[in-house]
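Report on one structure; see the data block that follows.
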Amino acid sequence: MKRIAIVIGHNAGAQGAVRCTDGRTEYDWNSDLAKMIEAHDSAHIKVFRRKPGGGYSTEIDRVYAEVDAWGADVSVELHFNGSTNPAANGCLMLSSGTSGSRALAASVQKACVAALGNKDRGVRFVGKGDRGGRSLWAGRAPAILTEPYFGSNKAECEAADARKAALAKAIYDGARA
């Protein structure tokens with residue numbers, strides 16, 4: 001059975017984007033989502049958190065070293081998108097572009113779009129030096145970053161809340177496939 005690492009984006013000190021509906025941050029909302037994903041197969045899924053300290057690059061390198069030491073076959077880093085435009089919408093996966101990352105991103109993207117029913121923004125390839133790129137290239141296992149909805153879009157926040165269990169299952173099923 002495939003070992004799936006779930007990395008919660010951001011950390012307790014720098015929690016990422018804030019949802020317009022309830023003020024929850026990426027780190028907070030995705031901490032709950034990570035537990036829901038892990039519940040699908042706790043023997044083969046492990047949740048990892050970035051520990052603050054040493055700067056962004058150090059935090060990323062440290063958490064993905066932990067992912068590697070655990071022996072993950074794939075890693076999924078949980079985020080949600082944000083924009084100054086409250087109408088921005090859709091689901092996006094970020095991939096390194098390697099064959100394993102591309103396949104993982106396509107599988108999780110398809111499942112997440114089906115679960116949430118929002119716009120399919122596709123898979124975007126990110127280089128090592130691009131925003132989010134370090135997470136995609138730091139570890140041994142194929143990695144993706146999820147951006148399943150916009151926290152700045154009220155309707156998408158409400159849909160994500162209503163379908164959170166389905167989103168957790170979609171990420172699990174997509175990563176397992």
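Each chain in the structure tokens gets a letter, A, B, ..., in the order shown, and its residues are numbered from 1; ligands are numbered from 1 in order too.
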Inset, instruction - Name all residues at most 8 Å from A:Ile60 (count only C-alpha atoms; drop same-chain ones fewer than 4 positions away) and give them as a VMD selection string. - result: chain A and resid 50 56 64 134 to 135 138
Legend entry - Non-local contacts of A:Gln109 (10 Å; only C-alpha atoms; under 5 positions in same chain excluded) as number ranges by chain: A: 91-94, 103-104, 114-115, 120-123, 146-148, 170-171, 174-175
Inset, instruction - Just the strand (DSSP E or B) stuff from stretch 66-173 of chain A, please, per backbone DSSP, written as a list in words. - result: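 Filtering stretch 66-173 of chain A to strand (DSSP E or B) leaves Val74, Ser75, Val76, Glu77, Leu78, Asn81, Cys91, Leu92, Met93, Leu94, Ser95, Asp120, Arg121, Gly122, Val123, Arg124, Phe125, Ala143, Ile144, Leu145, Thr146, Glu147 and Phe150 of chain A.
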Keeping C-alpha atoms for every residue in the selection just given, could you write it to a file as an mmCIF file, in the first residue's frame?
data_model
loop_
_atom_site.group_PDB
_atom_site.id
_atom_site.type_symbol
_atom_site.label_atom_id
_atom_site.label_comp_id
_atom_site.auth_asym_id
_atom_site.auth_seq_id
_atom_site.Cartn_x
_atom_site.Cartn_y
_atom_site.Cartn_z
ATOM 1 C CA VAL A 74 3.872 10.631 -2.473
ATOM 2 C CA SER A 75 3.307 13.916 -0.644
ATOM 3 C CA VAL A 76 0.372 16.292 -0.769
ATOM 4 C CA GLU A 77 0.752 19.790 0.687
ATOM 5 C CA LEU A 78 -2.575 21.364 1.678
ATOM 6 C CA ASN A 81 -6.029 30.065 -2.671
ATOM 7 C CA CYS A 91 -9.429 24.387 -8.102
ATOM 8 C CA LEU A 92 -5.724 24.238 -9.016
ATOM 9 C CA MET A 93 -2.907 21.772 -8.365
ATOM 10 C CA LEU A 94 0.757 22.727 -8.445
ATOM 11 C CA SER A 95 3.239 20.131 -9.710
ATOM 12 C CA ASP A 120 -11.224 23.276 -13.029
ATOM 13 C CA ARG A 121 -8.136 25.526 -13.199
ATOM 14 C CA GLY A 122 -5.972 22.526 -14.079
ATOM 15 C CA VAL A 123 -2.426 21.616 -13.119
ATOM 16 C CA ARG A 124 0.345 24.231 -13.159
ATOM 17 C CA PHE A 125 4.016 23.272 -13.319
ATOM 18 C CA ALA A 143 4.862 16.053 -4.501
ATOM 19 C CA ILE A 144 1.965 18.398 -5.203
ATOM 20 C CA LEU A 145 0.436 21.494 -3.628
ATOM 21 C CA THR A 146 -3.352 21.648 -3.505
ATOM 22 C CA GLU A 147 -5.324 24.852 -4.031
ATOM 23 C CA PHE A 150 -10.453 30.341 -2.982
#
Contacts of A:Gly9 at 8 Å (only C-alpha atoms; same-chain gap of 3+ positions) as a PDB file with C-alpha atoms, in the first residue's frame:
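Result written to out-v4.pdb:
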ATOM      1  CA  GLN A  15      -0.723  30.645   8.936  1.00  0.00           C
ATOM      2  CA  GLY A  16      -1.292  31.720   5.333  1.00  0.00           C
ATOM      3  CA  GLU A  26      -5.023  27.938   5.680  1.00  0.00           C
ATOM      4  CA  TYR A  27      -3.060  26.328   8.504  1.00  0.00           C
ATOM      5  CA  ASN A  30      -6.245  22.433   6.572  1.00  0.00           C
ATOM      6  CA  ARG A  49       3.612  20.164  10.048  1.00  0.00           C
ATOM      7  CA  ARG A  50       6.213  22.801   9.265  1.00  0.00           C
ATOM      8  CA  GLU A  77       0.752  19.790   0.687  1.00  0.00           C
ATOM      9  CA  LEU A  78      -2.575  21.364   1.678  1.00  0.00           C
ATOM     10  CA  HIS A  79      -3.392  24.994   0.898  1.00  0.00           C
TER      11      HIS A  79
END
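Among the candidate residues A:Asn89, A:Asn11, A:Ser31, A:Thr84, the one lying nearest to A:Cys157 is A:Asn89, with distances computed using only C-alpha atoms.
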Legend entry - Shell of 7 Å around A:Arg19, only C-alpha atoms, local chain residues under 6 positions omitted, as a list of chain:residue names: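 So the residues in contact are A:Thr25, A:Gly151, A:Ser152.
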Legend entry - Picked from stretch 14-101 of chain A by DSSP as helix (DSSP H, G or I), as number ranges by chain: A: 26-38, 56-70, 99-101
Restricted to N, CA, C and O atoms, what would the selected residues look like written as a CSV table (one decimal), in the first residue's frame?
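This is the output file out_30.csv:
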chain,number,residue,atom,x,y,z
A,26,GLU,N,-5.4,29.2,6.4
A,26,GLU,CA,-5.0,27.9,5.7
A,26,GLU,C,-4.5,26.9,6.7
A,26,GLU,O,-4.9,25.7,6.6
A,27,TYR,N,-3.6,27.3,7.6
A,27,TYR,CA,-3.1,26.3,8.5
A,27,TYR,C,-4.1,25.7,9.4
A,27,TYR,O,-4.2,24.5,9.6
A,28,ASP,N,-5.0,26.5,9.9
A,28,ASP,CA,-6.1,26.0,10.8
A,28,ASP,C,-7.1,25.1,10.0
A,28,ASP,O,-7.3,24.0,10.4
A,29,TRP,N,-7.6,25.6,8.9
A,29,TRP,CA,-8.7,24.9,8.2
A,29,TRP,C,-8.1,23.6,7.7
A,29,TRP,O,-8.7,22.5,7.7
A,30,ASN,N,-6.9,23.6,7.1
A,30,ASN,CA,-6.2,22.4,6.6
A,30,ASN,C,-5.7,21.5,7.6
A,30,ASN,O,-5.6,20.3,7.3
A,31,SER,N,-5.5,21.9,8.9
A,31,SER,CA,-5.2,21.0,9.9
A,31,SER,C,-6.4,20.0,10.2
A,31,SER,O,-6.2,18.8,10.3
A,32,ASP,N,-7.6,20.5,10.1
A,32,ASP,CA,-8.8,19.7,10.2
A,32,ASP,C,-8.9,18.8,9.0
A,32,ASP,O,-9.2,17.6,9.2
A,33,LEU,N,-8.7,19.3,7.8
A,33,LEU,CA,-8.8,18.5,6.6
A,33,LEU,C,-7.7,17.4,6.7
A,33,LEU,O,-8.1,16.2,6.3
A,34,ALA,N,-6.5,17.7,7.1
A,34,ALA,CA,-5.5,16.6,7.2
A,34,ALA,C,-5.9,15.5,8.1
A,34,ALA,O,-5.7,14.3,7.7
A,35,LYS,N,-6.5,15.8,9.2
A,35,LYS,CA,-7.0,14.7,10.1
A,35,LYS,C,-8.1,13.9,9.4
A,35,LYS,O,-8.1,12.6,9.6
A,36,MET,N,-8.9,14.5,8.6
A,36,MET,CA,-10.0,13.8,7.9
A,36,MET,C,-9.4,12.9,6.8
A,36,MET,O,-9.9,11.7,6.6
A,37,ILE,N,-8.3,13.3,6.2
A,37,ILE,CA,-7.7,12.5,5.2
A,37,ILE,C,-7.0,11.3,5.9
A,37,ILE,O,-7.1,10.2,5.4
A,38,GLU,N,-6.3,11.6,6.9
A,38,GLU,CA,-5.6,10.6,7.7
A,38,GLU,C,-6.5,9.5,8.1
A,38,GLU,O,-6.1,8.3,8.2
A,56,TYR,N,11.9,30.4,5.7
A,56,TYR,CA,11.0,29.5,4.9
A,56,TYR,C,11.8,28.3,4.3
A,56,TYR,O,11.3,27.2,4.4
A,57,SER,N,12.9,28.5,3.7
A,57,SER,CA,13.6,27.4,3.1
A,57,SER,C,14.0,26.4,4.1
A,57,SER,O,13.9,25.2,3.8
A,58,THR,N,14.5,26.8,5.2
A,58,THR,CA,14.9,25.8,6.3
A,58,THR,C,13.6,25.0,6.7
A,58,THR,O,13.7,23.8,6.9
A,59,GLU,N,12.5,25.7,6.9
A,59,GLU,CA,11.3,25.0,7.3
A,59,GLU,C,10.9,24.0,6.3
A,59,GLU,O,10.5,22.8,6.6
A,60,ILE,N,10.9,24.3,5.0
A,60,ILE,CA,10.5,23.4,3.9
A,60,ILE,C,11.5,22.2,3.9
A,60,ILE,O,11.0,21.1,3.8
A,61,ASP,N,12.7,22.5,3.9
A,61,ASP,CA,13.7,21.4,3.8
A,61,ASP,C,13.6,20.5,5.0
A,61,ASP,O,13.7,19.3,4.9
A,62,ARG,N,13.3,21.0,6.2
A,62,ARG,CA,13.2,20.2,7.4
A,62,ARG,C,12.0,19.3,7.3
A,62,ARG,O,12.1,18.1,7.6
A,63,VAL,N,10.8,19.8,6.9
A,63,VAL,CA,9.6,19.0,6.9
A,63,VAL,C,9.7,17.9,5.8
A,63,VAL,O,9.3,16.8,6.0
A,64,TYR,N,10.3,18.3,4.7
A,64,TYR,CA,10.4,17.3,3.6
A,64,TYR,C,11.5,16.2,3.9
A,64,TYR,O,11.4,15.1,3.5
A,65,ALA,N,12.5,16.6,4.7
A,65,ALA,CA,13.4,15.6,5.2
A,65,ALA,C,12.7,14.6,6.1
A,65,ALA,O,13.0,13.4,6.1
A,66,GLU,N,11.7,15.1,6.9
A,66,GLU,CA,10.9,14.2,7.8
A,66,GLU,C,10.0,13.3,6.9
A,66,GLU,O,9.9,12.1,7.2
A,67,VAL,N,9.5,13.9,5.9
A,67,VAL,CA,8.6,13.1,4.9
A,67,VAL,C,9.5,12.0,4.3
A,67,VAL,O,9.1,10.8,4.2
A,68,ASP,N,10.7,12.3,3.9
A,68,ASP,CA,11.6,11.3,3.3
A,68,ASP,C,12.0,10.2,4.3
A,68,ASP,O,12.0,9.0,4.0
A,69,ALA,N,12.3,10.6,5.5
A,69,ALA,CA,12.7,9.7,6.6
A,69,ALA,C,11.6,8.7,6.9
A,69,ALA,O,11.8,7.5,7.2
A,70,TRP,N,10.3,9.2,6.8
A,70,TRP,CA,9.2,8.3,7.0
A,70,TRP,C,9.0,7.3,5.8
A,70,TRP,O,8.4,6.2,6.0
A,99,SER,N,7.3,13.2,-13.9
A,99,SER,CA,6.2,12.3,-14.3
A,99,SER,C,5.3,11.9,-13.1
A,99,SER,O,4.1,11.8,-13.2
A,100,GLY,N,6.0,11.6,-12.0
A,100,GLY,CA,5.2,11.2,-10.8
A,100,GLY,C,4.4,12.3,-10.2
A,100,GLY,O,3.2,12.1,-9.9
A,101,SER,N,4.9,13.5,-10.2
A,101,SER,CA,4.2,14.7,-9.7
A,101,SER,C,3.0,15.0,-10.6
A,101,SER,O,1.9,15.3,-10.2
Legend entry - Among the residues A:Ser96, A:Arg163, A:Ile6, A:Phe48, the one that comes closest to A:Gly129 [using only C-alpha atoms]: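 Distance minimum relative to A:Gly129 lands on A:Ser96.
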Inset, instruction - Grab the atom CA of A:Arg176 to atom CA of A:Asp73 distance for me, in Å with one decimal place. - result: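 Answer for the atom CA of A:Arg176 to atom CA of A:Asp73 separation: 9.7 Å.
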Inset, instruction - Compile the contact shell of stretch 160-162 of chain A as a list of chain:residue names: residues with an atom at most 8 Å away, counting only C-alpha atoms, same-chain residues fewer than 4 positions apart removed. - result: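 With the cut-off at 8 Å, the set is A:Leu116, A:Tyr149, A:Glu156, A:Leu167.
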Output of the above residues as a CSV table (one decimal), in the first residue's frame, restricted to N, CA, C and O atoms:
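This is the output file out_26.csv:
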chain,number,residue,atom,x,y,z
A,116,LEU,N,-15.9,19.1,-5.1
A,116,LEU,CA,-16.3,20.4,-4.8
A,116,LEU,C,-17.2,21.0,-5.9
A,116,LEU,O,-18.0,22.0,-5.6
A,149,TYR,N,-9.8,25.6,-3.6
A,149,TYR,CA,-10.8,26.6,-3.7
A,149,TYR,C,-10.2,27.9,-3.2
A,149,TYR,O,-9.0,28.0,-2.7
A,156,GLU,N,-17.3,29.7,-2.5
A,156,GLU,CA,-16.4,28.6,-2.5
A,156,GLU,C,-16.1,28.1,-1.1
A,156,GLU,O,-15.9,26.9,-0.8
A,167,LEU,N,-14.1,16.3,0.1
A,167,LEU,CA,-12.8,16.8,-0.3
A,167,LEU,C,-11.7,15.9,0.3
A,167,LEU,O,-10.7,15.5,-0.4
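Remark: for A:His44, the closest of the candidate residues A:Ala177, A:Ala14, A:Met1, A:Ala87 is A:Met1 (distances computed over only C-alpha atoms).
The gap separating atom CA of A:Gly127 from atom CA of A:Gly97 is 8.2 Å, in Å to one decimal.
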